[in-house]
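What follows is work22.pdb (PDB, C-alpha atoms and all ligand atoms).
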```pdb
ATOM      1  CA  MET T   1      17.364  14.045   6.230  1.00  0.00           C
ATOM      2  CA  TYR T   2      16.473  12.097   3.115  1.00  0.00           C
ATOM      3  CA  GLU T   3      14.531  14.271   0.662  1.00  0.00           C
ATOM      4  CA  THR T   4      11.480  12.682  -0.910  1.00  0.00           C
ATOM      5  CA  THR T   5      10.659  13.323  -4.565  1.00  0.00           C
ATOM      6  CA  ILE T   6       7.082  12.704  -5.645  1.00  0.00           C
ATOM      7  CA  LEU T   7       5.876  12.350  -9.220  1.00  0.00           C
ATOM      8  CA  ILE T   8       2.345  13.668  -9.827  1.00  0.00           C
ATOM      9  CA  VAL T   9       0.643  12.018 -12.809  1.00  0.00           C
ATOM     10  CA  GLU T  10      -2.606  13.839 -13.505  1.00  0.00           C
ATOM     11  CA  ASP T  11      -4.127  15.157 -16.731  1.00  0.00           C
ATOM     12  CA  ASP T  12      -6.624  17.478 -15.049  1.00  0.00           C
ATOM     13  CA  PRO T  13      -4.838  20.867 -14.582  1.00  0.00           C
ATOM     14  CA  PRO T  14      -6.815  22.082 -11.489  1.00  0.00           C
ATOM     15  CA  ILE T  15      -6.158  18.815  -9.610  1.00  0.00           C
ATOM     16  CA  ARG T  16      -2.514  18.774 -10.694  1.00  0.00           C
ATOM     17  CA  HIS T  17      -2.216  22.333  -9.445  1.00  0.00           C
ATOM     18  CA  LEU T  18      -3.885  21.509  -6.109  1.00  0.00           C
ATOM     19  CA  ILE T  19      -1.557  18.561  -5.514  1.00  0.00           C
ATOM     20  CA  SER T  20       1.608  20.383  -6.542  1.00  0.00           C
ATOM     21  CA  THR T  21       0.732  23.415  -4.395  1.00  0.00           C
ATOM     22  CA  THR T  22       0.096  21.127  -1.420  1.00  0.00           C
ATOM     23  CA  LEU T  23       3.395  19.320  -1.881  1.00  0.00           C
ATOM     24  CA  ARG T  24       5.320  22.563  -2.319  1.00  0.00           C
ATOM     25  CA  THR T  25       3.749  24.037   0.830  1.00  0.00           C
ATOM     26  CA  HIS T  26       4.822  20.987   2.815  1.00  0.00           C
ATOM     27  CA  GLY T  27       8.373  20.995   1.523  1.00  0.00           C
ATOM     28  CA  TYR T  28       8.244  17.998  -0.795  1.00  0.00           C
ATOM     29  CA  LYS T  29      10.129  17.961  -4.069  1.00  0.00           C
ATOM     30  CA  PHE T  30       7.901  17.016  -6.967  1.00  0.00           C
ATOM     31  CA  LEU T  31       7.750  16.375 -10.703  1.00  0.00           C
ATOM     32  CA  THR T  32       4.645  16.361 -12.872  1.00  0.00           C
ATOM     33  CA  ALA T  33       3.414  14.401 -15.870  1.00  0.00           C
ATOM     34  CA  ASP T  34       0.076  14.851 -17.615  1.00  0.00           C
ATOM     35  CA  ASN T  35      -0.115  11.528 -19.441  1.00  0.00           C
ATOM     36  CA  GLY T  36       1.017   7.925 -19.126  1.00  0.00           C
ATOM     37  CA  ASN T  37       3.935   8.025 -21.548  1.00  0.00           C
ATOM     38  CA  GLU T  38       5.359  11.100 -19.876  1.00  0.00           C
ATOM     39  CA  ALA T  39       4.920   9.366 -16.498  1.00  0.00           C
ATOM     40  CA  LEU T  40       6.932   6.329 -17.656  1.00  0.00           C
ATOM     41  CA  MET T  41       9.616   8.638 -19.028  1.00  0.00           C
ATOM     42  CA  GLU T  42       9.825  10.636 -15.764  1.00  0.00           C
ATOM     43  CA  ILE T  43       9.976   7.473 -13.651  1.00  0.00           C
ATOM     44  CA  SER T  44      12.784   5.934 -15.678  1.00  0.00           C
ATOM     45  CA  THR T  45      14.843   9.113 -15.960  1.00  0.00           C
ATOM     46  CA  HIS T  46      14.286  10.771 -12.561  1.00  0.00           C
ATOM     47  CA  ASN T  47      13.643   7.782 -10.313  1.00  0.00           C
ATOM     48  CA  PRO T  48      11.130   9.449  -7.931  1.00  0.00           C
ATOM     49  CA  ASP T  49      10.449   7.968  -4.460  1.00  0.00           C
ATOM     50  CA  ILE T  50       6.661   7.940  -4.751  1.00  0.00           C
ATOM     51  CA  VAL T  51       4.194   8.203  -7.649  1.00  0.00           C
ATOM     52  CA  LEU T  52       0.704   9.694  -7.303  1.00  0.00           C
ATOM     53  CA  LEU T  53      -1.125   8.237 -10.269  1.00  0.00           C
ATOM     54  CA  ASP T  54      -4.463   9.244 -11.746  1.00  0.00           C
ATOM     55  CA  LEU T  55      -6.050   6.213 -13.430  1.00  0.00           C
ATOM     56  CA  GLY T  56      -7.974   8.008 -16.191  1.00  0.00           C
ATOM     57  CA  LEU T  57      -5.196   9.289 -18.449  1.00  0.00           C
ATOM     58  CA  PRO T  58      -5.532  10.461 -22.072  1.00  0.00           C
ATOM     59  CA  ASP T  59      -3.022   8.070 -23.650  1.00  0.00           C
ATOM     60  CA  ILE T  60      -2.213   4.842 -21.759  1.00  0.00           C
ATOM     61  CA  ASP T  61      -4.508   3.671 -18.980  1.00  0.00           C
ATOM     62  CA  GLY T  62      -3.166   4.176 -15.427  1.00  0.00           C
ATOM     63  CA  ILE T  63      -3.385   0.422 -14.763  1.00  0.00           C
ATOM     64  CA  GLU T  64      -1.178  -0.237 -17.777  1.00  0.00           C
ATOM     65  CA  VAL T  65       1.304   2.338 -16.418  1.00  0.00           C
ATOM     66  CA  ILE T  66       1.452   0.332 -13.149  1.00  0.00           C
ATOM     67  CA  ARG T  67       1.985  -2.959 -15.017  1.00  0.00           C
ATOM     68  CA  ARG T  68       4.840  -1.497 -17.052  1.00  0.00           C
ATOM     69  CA  VAL T  69       6.512   0.139 -14.049  1.00  0.00           C
ATOM     70  CA  ARG T  70       6.275  -3.115 -12.072  1.00  0.00           C
ATOM     71  CA  THR T  71       8.367  -4.925 -14.679  1.00  0.00           C
ATOM     72  CA  TRP T  72      11.391  -2.988 -13.458  1.00  0.00           C
ATOM     73  CA  SER T  73      10.573  -1.094 -10.252  1.00  0.00           C
ATOM     74  CA  ASN T  74       8.927  -1.537  -6.846  1.00  0.00           C
ATOM     75  CA  LEU T  75       8.556   2.163  -6.108  1.00  0.00           C
ATOM     76  CA  PRO T  76       5.390   3.028  -4.148  1.00  0.00           C
ATOM     77  CA  ILE T  77       2.431   3.981  -6.330  1.00  0.00           C
ATOM     78  CA  ILE T  78      -0.590   5.689  -4.773  1.00  0.00           C
ATOM     79  CA  VAL T  79      -3.526   5.574  -7.150  1.00  0.00           C
ATOM     80  CA  ILE T  80      -5.942   8.491  -7.359  1.00  0.00           C
ATOM     81  CA  SER T  81      -9.249   7.275  -8.754  1.00  0.00           C
ATOM     82  CA  ALA T  82     -12.638   8.812  -9.424  1.00  0.00           C
ATOM     83  CA  ARG T  83     -15.745   7.192  -7.893  1.00  0.00           C
ATOM     84  CA  SER T  84     -16.713   5.878 -11.324  1.00  0.00           C
ATOM     85  CA  GLU T  85     -13.461   3.924 -11.349  1.00  0.00           C
ATOM     86  CA  GLU T  86     -14.188   1.831  -8.210  1.00  0.00           C
ATOM     87  CA  ASN T  87     -13.438  -1.477  -9.951  1.00  0.00           C
ATOM     88  CA  ASP T  88     -10.359   0.011 -11.559  1.00  0.00           C
ATOM     89  CA  LYS T  89      -9.084   0.758  -8.073  1.00  0.00           C
ATOM     90  CA  ILE T  90      -9.043  -2.965  -7.220  1.00  0.00           C
ATOM     91  CA  ASP T  91      -7.484  -3.811 -10.601  1.00  0.00           C
ATOM     92  CA  ALA T  92      -4.842  -1.148  -9.906  1.00  0.00           C
ATOM     93  CA  LEU T  93      -4.017  -2.725  -6.522  1.00  0.00           C
ATOM     94  CA  ASP T  94      -3.888  -6.165  -8.132  1.00  0.00           C
ATOM     95  CA  ALA T  95      -1.544  -4.753 -10.792  1.00  0.00           C
ATOM     96  CA  GLY T  96       0.814  -3.626  -8.016  1.00  0.00           C
ATOM     97  CA  ALA T  97      -0.341  -0.228  -6.713  1.00  0.00           C
ATOM     98  CA  ASP T  98       0.325   0.287  -2.989  1.00  0.00           C
ATOM     99  CA  ASP T  99      -2.568   2.436  -1.825  1.00  0.00           C
ATOM    100  CA  TYR T 100      -5.376   4.564  -3.225  1.00  0.00           C
ATOM    101  CA  LEU T 101      -7.242   7.814  -2.743  1.00  0.00           C
ATOM    102  CA  THR T 102     -10.727   8.439  -4.100  1.00  0.00           C
ATOM    103  CA  LYS T 103     -11.642  11.785  -5.700  1.00  0.00           C
ATOM    104  CA  PRO T 104     -12.687  14.154  -4.267  1.00  0.00           C
ATOM    105  CA  PHE T 105     -10.043  13.841  -1.550  1.00  0.00           C
ATOM    106  CA  SER T 106      -8.924  16.296   1.100  1.00  0.00           C
ATOM    107  CA  VAL T 107      -5.427  17.708   1.221  1.00  0.00           C
ATOM    108  CA  GLU T 108      -5.037  16.218   4.734  1.00  0.00           C
ATOM    109  CA  GLU T 109      -5.925  12.789   3.399  1.00  0.00           C
ATOM    110  CA  LEU T 110      -3.356  13.097   0.638  1.00  0.00           C
ATOM    111  CA  LEU T 111      -0.632  14.196   3.069  1.00  0.00           C
ATOM    112  CA  ALA T 112      -1.500  11.351   5.454  1.00  0.00           C
ATOM    113  CA  ARG T 113      -1.078   8.762   2.667  1.00  0.00           C
ATOM    114  CA  ILE T 114       2.252  10.297   1.711  1.00  0.00           C
ATOM    115  CA  ARG T 115       3.479  10.188   5.325  1.00  0.00           C
ATOM    116  CA  VAL T 116       2.429   6.524   5.647  1.00  0.00           C
ATOM    117  CA  THR T 117       4.327   5.718   2.465  1.00  0.00           C
ATOM    118  CA  ILE T 118       7.450   7.574   3.605  1.00  0.00           C
ATOM    119  CA  ARG T 119       7.378   5.691   6.941  1.00  0.00           C
ATOM    120  CA  ARG T 120       7.075   2.457   5.004  1.00  0.00           C
ATOM    121  CA  LEU T 121      10.035   3.358   2.782  1.00  0.00           C
ATOM    122  CA  ALA T 122      12.154   4.127   5.848  1.00  0.00           C
ATOM    123  CA  PHE T 123      11.010   0.850   7.411  1.00  0.00           C
ATOM    124  CA  LEU T 124      11.994  -1.088   4.275  1.00  0.00           C
ATOM    125  CA  ARG T 125      15.408   0.598   4.166  1.00  0.00           C
ATOM    126  CA  ASN T 126      16.047  -0.377   7.801  1.00  0.00           C
ATOM    127  CA  ALA T 127      14.684  -3.891   7.347  1.00  0.00           C
ATOM    128  CA  LYS T 128      17.256  -4.495   4.617  1.00  0.00           C
ATOM    129  CA  GLU T 129      20.067  -3.656   7.003  1.00  0.00           C
ATOM    130  CA  GLU T 130      18.733  -5.721   9.906  1.00  0.00           C
ATOM    131  CA  ASN T 131      18.230  -9.433  10.158  1.00  0.00           C
ATOM    132  CA  GLU T 132      15.409 -10.027   7.695  1.00  0.00           C
ATOM    133  CA  SER T 133      14.142 -13.144   9.436  1.00  0.00           C
ATOM    134  CA  VAL T 134      12.632 -11.092  12.279  1.00  0.00           C
ATOM    135  CA  TYR T 135       9.867  -8.567  11.678  1.00  0.00           C
ATOM    136  CA  VAL T 136       9.111  -5.878  14.264  1.00  0.00           C
ATOM    137  CA  ASN T 137       6.199  -3.451  14.062  1.00  0.00           C
ATOM    138  CA  GLY T 138       5.290  -1.688  17.308  1.00  0.00           C
ATOM    139  CA  LYS T 139       4.558  -4.425  19.851  1.00  0.00           C
ATOM    140  CA  LEU T 140       4.200  -7.072  17.159  1.00  0.00           C
ATOM    141  CA  SER T 141       7.130  -9.284  16.321  1.00  0.00           C
ATOM    142  CA  ILE T 142       7.300 -12.235  13.923  1.00  0.00           C
ATOM    143  CA  ASP T 143      10.193 -14.653  13.810  1.00  0.00           C
ATOM    144  CA  PHE T 144       9.836 -16.075  10.297  1.00  0.00           C
ATOM    145  CA  ALA T 145      12.536 -18.701  10.838  1.00  0.00           C
ATOM    146  CA  ALA T 146      10.947 -20.020  14.042  1.00  0.00           C
ATOM    147  CA  GLY T 147       7.377 -19.475  12.766  1.00  0.00           C
ATOM    148  CA  SER T 148       6.408 -17.691  15.953  1.00  0.00           C
ATOM    149  CA  VAL T 149       4.545 -14.484  16.766  1.00  0.00           C
ATOM    150  CA  THR T 150       4.890 -12.391  19.896  1.00  0.00           C
ATOM    151  CA  VAL T 151       3.023  -9.285  21.000  1.00  0.00           C
ATOM    152  CA  ALA T 152       4.477  -7.189  23.804  1.00  0.00           C
ATOM    153  CA  GLU T 153       7.038  -9.979  24.248  1.00  0.00           C
ATOM    154  CA  GLN T 154       4.344 -12.573  24.982  1.00  0.00           C
ATOM    155  CA  PRO T 155       3.841 -15.488  22.567  1.00  0.00           C
ATOM    156  CA  VAL T 156       0.533 -15.403  20.659  1.00  0.00           C
ATOM    157  CA  HIS T 157      -0.863 -18.708  19.495  1.00  0.00           C
ATOM    158  CA  LEU T 158      -2.089 -18.536  15.876  1.00  0.00           C
ATOM    159  CA  THR T 159      -3.604 -21.249  13.697  1.00  0.00           C
ATOM    160  CA  PRO T 160      -1.623 -22.053  10.511  1.00  0.00           C
ATOM    161  CA  SER T 161      -4.009 -19.927   8.375  1.00  0.00           C
ATOM    162  CA  GLU T 162      -3.830 -16.984  10.779  1.00  0.00           C
ATOM    163  CA  TYR T 163      -0.041 -17.242  10.765  1.00  0.00           C
ATOM    164  CA  LYS T 164       0.050 -17.229   6.959  1.00  0.00           C
ATOM    165  CA  LEU T 165      -2.206 -14.170   6.909  1.00  0.00           C
ATOM    166  CA  VAL T 166      -0.153 -12.173   9.380  1.00  0.00           C
ATOM    167  CA  CYS T 167       3.044 -13.028   7.474  1.00  0.00           C
ATOM    168  CA  ILE T 168       1.605 -11.919   4.122  1.00  0.00           C
ATOM    169  CA  LEU T 169       0.359  -8.650   5.593  1.00  0.00           C
ATOM    170  CA  ALA T 170       3.641  -8.061   7.445  1.00  0.00           C
ATOM    171  CA  ARG T 171       5.755  -8.686   4.346  1.00  0.00           C
ATOM    172  CA  HIS T 172       3.758  -5.932   2.608  1.00  0.00           C
ATOM    173  CA  THR T 173       3.430  -3.519   5.522  1.00  0.00           C
ATOM    174  CA  GLY T 174       1.730  -0.289   4.449  1.00  0.00           C
ATOM    175  CA  LYS T 175       0.459  -1.781   1.216  1.00  0.00           C
ATOM    176  CA  VAL T 176      -3.247  -2.433   0.631  1.00  0.00           C
ATOM    177  CA  LEU T 177      -3.614  -6.108  -0.302  1.00  0.00           C
ATOM    178  CA  THR T 178      -6.790  -7.032  -2.174  1.00  0.00           C
ATOM    179  CA  TYR T 179      -8.929 -10.060  -1.229  1.00  0.00           C
ATOM    180  CA  ARG T 180      -7.770 -11.669  -4.454  1.00  0.00           C
ATOM    181  CA  MET T 181      -4.066 -11.257  -3.588  1.00  0.00           C
ATOM    182  CA  ILE T 182      -4.493 -12.581  -0.062  1.00  0.00           C
ATOM    183  CA  THR T 183      -6.674 -15.603  -0.841  1.00  0.00           C
ATOM    184  CA  LYS T 184      -4.403 -16.519  -3.747  1.00  0.00           C
ATOM    185  CA  GLU T 185      -1.402 -16.548  -1.406  1.00  0.00           C
ATOM    186  CA  VAL T 186      -3.121 -18.515   1.343  1.00  0.00           C
ATOM    187  CA  TRP T 187      -5.464 -20.935  -0.444  1.00  0.00           C
ATOM    188  CA  GLY T 188      -4.620 -20.847  -4.155  1.00  0.00           C
ATOM    189  CA  ASN T 189      -6.653 -19.334  -6.957  1.00  0.00           C
ATOM    190  CA  SER T 190     -10.407 -19.505  -6.333  1.00  0.00           C
ATOM    191  CA  TRP T 191     -10.597 -16.396  -4.186  1.00  0.00           C
ATOM    192  CA  GLU T 192     -14.375 -15.892  -4.294  1.00  0.00           C
ATOM    193  CA  ASN T 193     -14.888 -19.289  -2.652  1.00  0.00           C
ATOM    194  CA  ASN T 194     -12.540 -18.342   0.149  1.00  0.00           C
ATOM    195  CA  MET T 195     -13.964 -14.931   1.051  1.00  0.00           C
ATOM    196  CA  ALA T 196     -15.992 -16.285   3.968  1.00  0.00           C
ATOM    197  CA  SER T 197     -12.953 -18.124   5.370  1.00  0.00           C
ATOM    198  CA  LEU T 198     -10.793 -15.049   4.907  1.00  0.00           C
ATOM    199  CA  ARG T 199     -13.226 -12.902   6.918  1.00  0.00           C
ATOM    200  CA  VAL T 200     -13.370 -15.458   9.729  1.00  0.00           C
ATOM    201  CA  TYR T 201      -9.597 -15.951   9.980  1.00  0.00           C
ATOM    202  CA  MET T 202      -8.938 -12.218   9.708  1.00  0.00           C
ATOM    203  CA  ALA T 203     -11.455 -11.400  12.456  1.00  0.00           C
ATOM    204  CA  SER T 204      -9.891 -13.994  14.727  1.00  0.00           C
ATOM    205  CA  LEU T 205      -6.335 -12.825  13.942  1.00  0.00           C
ATOM    206  CA  ARG T 206      -7.184  -9.184  14.644  1.00  0.00           C
ATOM    207  CA  LYS T 207      -8.879 -10.094  17.890  1.00  0.00           C
ATOM    208  CA  LYS T 208      -5.817 -12.005  19.098  1.00  0.00           C
ATOM    209  CA  LEU T 209      -3.400  -9.219  18.164  1.00  0.00           C
ATOM    210  CA  GLU T 210      -5.590  -6.499  19.640  1.00  0.00           C
ATOM    211  CA  LYS T 211      -6.152  -8.357  22.885  1.00  0.00           C
ATOM    212  CA  ALA T 212      -2.462  -9.181  23.340  1.00  0.00           C
ATOM    213  CA  SER T 213      -1.357  -5.604  22.609  1.00  0.00           C
ATOM    214  CA  GLY T 214      -3.987  -3.909  24.763  1.00  0.00           C
ATOM    215  CA  GLY T 215      -5.963  -2.518  21.824  1.00  0.00           C
ATOM    216  CA  ASP T 216      -3.430  -1.682  19.088  1.00  0.00           C
ATOM    217  CA  GLN T 217      -4.950  -1.741  15.591  1.00  0.00           C
ATOM    218  CA  PHE T 218      -2.359  -3.374  13.377  1.00  0.00           C
ATOM    219  CA  ILE T 219      -4.642  -4.351  10.518  1.00  0.00           C
ATOM    220  CA  LYS T 220      -6.846  -1.874   8.662  1.00  0.00           C
ATOM    221  CA  THR T 221      -9.923  -3.085   6.785  1.00  0.00           C
ATOM    222  CA  HIS T 222     -10.642  -1.524   3.395  1.00  0.00           C
ATOM    223  CA  VAL T 223     -14.304  -2.360   2.908  1.00  0.00           C
ATOM    224  CA  GLY T 224     -14.902  -4.104  -0.415  1.00  0.00           C
ATOM    225  CA  VAL T 225     -11.190  -3.967  -1.257  1.00  0.00           C
ATOM    226  CA  GLY T 226      -8.912  -5.811   1.192  1.00  0.00           C
ATOM    227  CA  TYR T 227      -6.626  -5.387   4.210  1.00  0.00           C
ATOM    228  CA  GLN T 228      -3.510  -3.441   5.118  1.00  0.00           C
ATOM    229  CA  MET T 229      -0.913  -3.902   7.849  1.00  0.00           C
ATOM    230  CA  LEU T 230      -0.268  -0.440   9.247  1.00  0.00           C
ATOM    231  CA  LYS T 231       3.235   0.668  10.216  1.00  0.00           C
ATOM    232  CA  LEU T 232       2.897   1.489  13.913  1.00  0.00           C
TER     233      LEU T 232
HETATM  234 CA    CA I   1      -7.909  11.981 -15.390  1.00  0.00          CA
END
```

Would you write out, as structure tokens, the structure that this file holds?
Amino acid sequence: MYETTILIVEDDPPIRHLISTTLRTHGYKFLTADNGNEALMEISTHNPDIVLLDLGLPDIDGIEVIRRVRTWSNLPIIVISARSEENDKIDALDAGADDYLTKPFSVEELLARIRVTIRRLAFLRNAKEENESVYVNGKLSIDFAAGSVTVAEQPVHLTPSEYKLVCILARHTGKVLTYRMITKEVWGNSWENNMASLRVYMASLRKKLEKASGGDQFIKTHVGVGYQMLKL
């Protein structure tokens, strides 16, 4: 089996210790860094599979770390933010983070996020080998070339906006996409003006997918943040 290496970037020793103990107990390999520069160094030299990144670091800001990493790598970054950094969390996702955890978090929550990310990595590895024009996730299937969506092998009729939404979410399966990212992709730049439309189209899309699948929840809502296609 493929062994996952996780880089923990955290300047607070008790939290770093909690995370590393948890990872060790569950058989994950890990590296640690206690500031942003060290994190960048570890990422470029050791090429970890996943990064757990605290946003409040003593040298470079966590968001800046994400921006720099994204200039050369797509590796999954799970942000760990304090409640006082709520807005930073959205900026971190916009900068290219994949998911987030808010402090204080439970060990179970942390492990769940890591499992989701590992499933997504495996999914991406397989997708590269298969025909990339067809997306399959549980009962949901999208034929990008034909522009058609089926659920449980039955065609689902979507409006053009709903189709665009499902494609954007599918192309970033497992990643939390902010309202800003989604509205920019679908309607252009003025995302605040499109929030109401986004909610309406998303509600309708979810309803169609849920009904056709017999109740499967493909799309997770992150209140005040955005949406995420789950890997089923
Ligand atoms: Ca910190």

Q) Using only C-alpha atoms and all ligand atoms, which residue out of T:Glu42, T:Glu3, T:Asp11, T:Asp98 lies closest to ligand CA 1 (chain I)? A)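 Going through T:Glu42, T:Glu3, T:Asp11, T:Asp98 one by one, the smallest distance to ligand CA 1 (chain I) is for T:Asp11.
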
Q.
9 Å from ligand CA 1 (chain I) is the threshold here; counting only C-alpha atoms and all ligand atoms, which polymer residues fall inside it? Answer as a PyMOL selection string.
A. chain T and resi 9-12+34-35+54-58+80-82

(Q) Report, in Å to a single decimal, how far apart atom CA of T:Arg199 and atom CA of T:Ser133 are. (A)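 Computed distance, atom CA of T:Ser133 to atom CA of T:Arg199, equals 27.5 Å.
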
Q: Name every residue that the PyMOL selection byres (((chain T and resi 143) around 12) and not hetatm) selects in this structure, writing the answer as a VMD selection string with chains first and numbers rising.
A: chain T and resid 131 to 137 140 to 142 144 to 151 153 155 to 156 163 166 to 167 170

Q: Provide the atom CA of T:Phe218 to atom CA of T:Met202 distance in Å, to one decimal place.
A: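 Calculated distance between atom CA of T:Phe218 and atom CA of T:Met202 is 11.6 Å.
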
Go through the shown structure with the PyMOL selection byres (((chain T and resi 52) around 8) and not hetatm) and write out the matching residues as a PDB file with C-alpha atoms, in the frame of the given file.
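Ended up saving to result-v7.pdb:
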```pdb
ATOM      1  CA  ILE T   6       7.082  12.704  -5.645  1.00  0.00           C
ATOM      2  CA  LEU T   7       5.876  12.350  -9.220  1.00  0.00           C
ATOM      3  CA  ILE T   8       2.345  13.668  -9.827  1.00  0.00           C
ATOM      4  CA  VAL T   9       0.643  12.018 -12.809  1.00  0.00           C
ATOM      5  CA  ILE T  50       6.661   7.940  -4.751  1.00  0.00           C
ATOM      6  CA  VAL T  51       4.194   8.203  -7.649  1.00  0.00           C
ATOM      7  CA  LEU T  53      -1.125   8.237 -10.269  1.00  0.00           C
ATOM      8  CA  ASP T  54      -4.463   9.244 -11.746  1.00  0.00           C
ATOM      9  CA  ILE T  77       2.431   3.981  -6.330  1.00  0.00           C
ATOM     10  CA  ILE T  78      -0.590   5.689  -4.773  1.00  0.00           C
ATOM     11  CA  VAL T  79      -3.526   5.574  -7.150  1.00  0.00           C
ATOM     12  CA  ILE T  80      -5.942   8.491  -7.359  1.00  0.00           C
TER      13      ILE T  80
END
```

Q: Grab the atom CA of T:Arg67 to atom CA of T:Phe30 distance for me, in Å with one decimal place.
A: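 Atom-to-atom, atom CA of T:Arg67 to atom CA of T:Phe30, that is 22.3 Å.
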
Could you write out as a compact mmCIF listing (two decimals) with C-alpha atoms, in the frame of the given file the residues that the PyMOL selection byres (((chain T and resi 118) around 12) and not hetatm) matches in the shown file?
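So the final result, stored in selection-v8.txt, reads:
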```
# COMPACT_ATOMS: atom_id res chain seq x y z
CA TYR T 2 16.47 12.10 3.12
CA GLU T 3 14.53 14.27 0.66
CA THR T 4 11.48 12.68 -0.91
CA THR T 5 10.66 13.32 -4.57
CA ILE T 6 7.08 12.70 -5.64
CA TYR T 28 8.24 18.00 -0.80
CA ASP T 49 10.45 7.97 -4.46
CA ILE T 50 6.66 7.94 -4.75
CA VAL T 51 4.19 8.20 -7.65
CA LEU T 75 8.56 2.16 -6.11
CA PRO T 76 5.39 3.03 -4.15
CA ILE T 77 2.43 3.98 -6.33
CA ILE T 78 -0.59 5.69 -4.77
CA LEU T 111 -0.63 14.20 3.07
CA ALA T 112 -1.50 11.35 5.45
CA ARG T 113 -1.08 8.76 2.67
CA ILE T 114 2.25 10.30 1.71
CA ARG T 115 3.48 10.19 5.32
CA VAL T 116 2.43 6.52 5.65
CA THR T 117 4.33 5.72 2.46
CA ARG T 119 7.38 5.69 6.94
CA ARG T 120 7.08 2.46 5.00
CA LEU T 121 10.04 3.36 2.78
CA ALA T 122 12.15 4.13 5.85
CA PHE T 123 11.01 0.85 7.41
CA LEU T 124 11.99 -1.09 4.28
CA ARG T 125 15.41 0.60 4.17
CA THR T 173 3.43 -3.52 5.52
CA GLY T 174 1.73 -0.29 4.45
CA LYS T 175 0.46 -1.78 1.22
CA LYS T 231 3.24 0.67 10.22
```

Q | Using all atoms listed in the file: which of T:Ile43, T:Ala203, T:Leu230, T:Ala152 has the shortest distance to T:Asp99 | A | T:Leu230

Q) Any idea what's packed within 10 Å of T:Lys220, counting all atoms listed in the file, ignoring anything in its chain fewer than 5 positions away? Could you give it as a PyMOL selection string? A) chain T and resi 174+176+206+226-230

(Q) Let me make sure I understand: among T:Met41, T:Ile15, T:Leu177, T:Leu198, which one has the smallest atom-to-atom distance to T:Asp94 if we use only C-alpha atoms? (A)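 Looking at the shortest contact to T:Asp94, the residue is T:Leu177.
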
Q. Got a sec to check which residues sit within 12 Å of (2.7, 21.5, -1.5), counting only C-alpha atoms, and write them as a list in words?
A. Thr5, Ile6, Ile8, Arg16, His17, Leu18, Ile19, Ser20, Thr21, Thr22, Leu23, Arg24, Thr25, His26, Gly27, Tyr28, Lys29, Phe30, Leu31, Val107, Glu108, Leu110, Leu111 and Ile114 of chain T
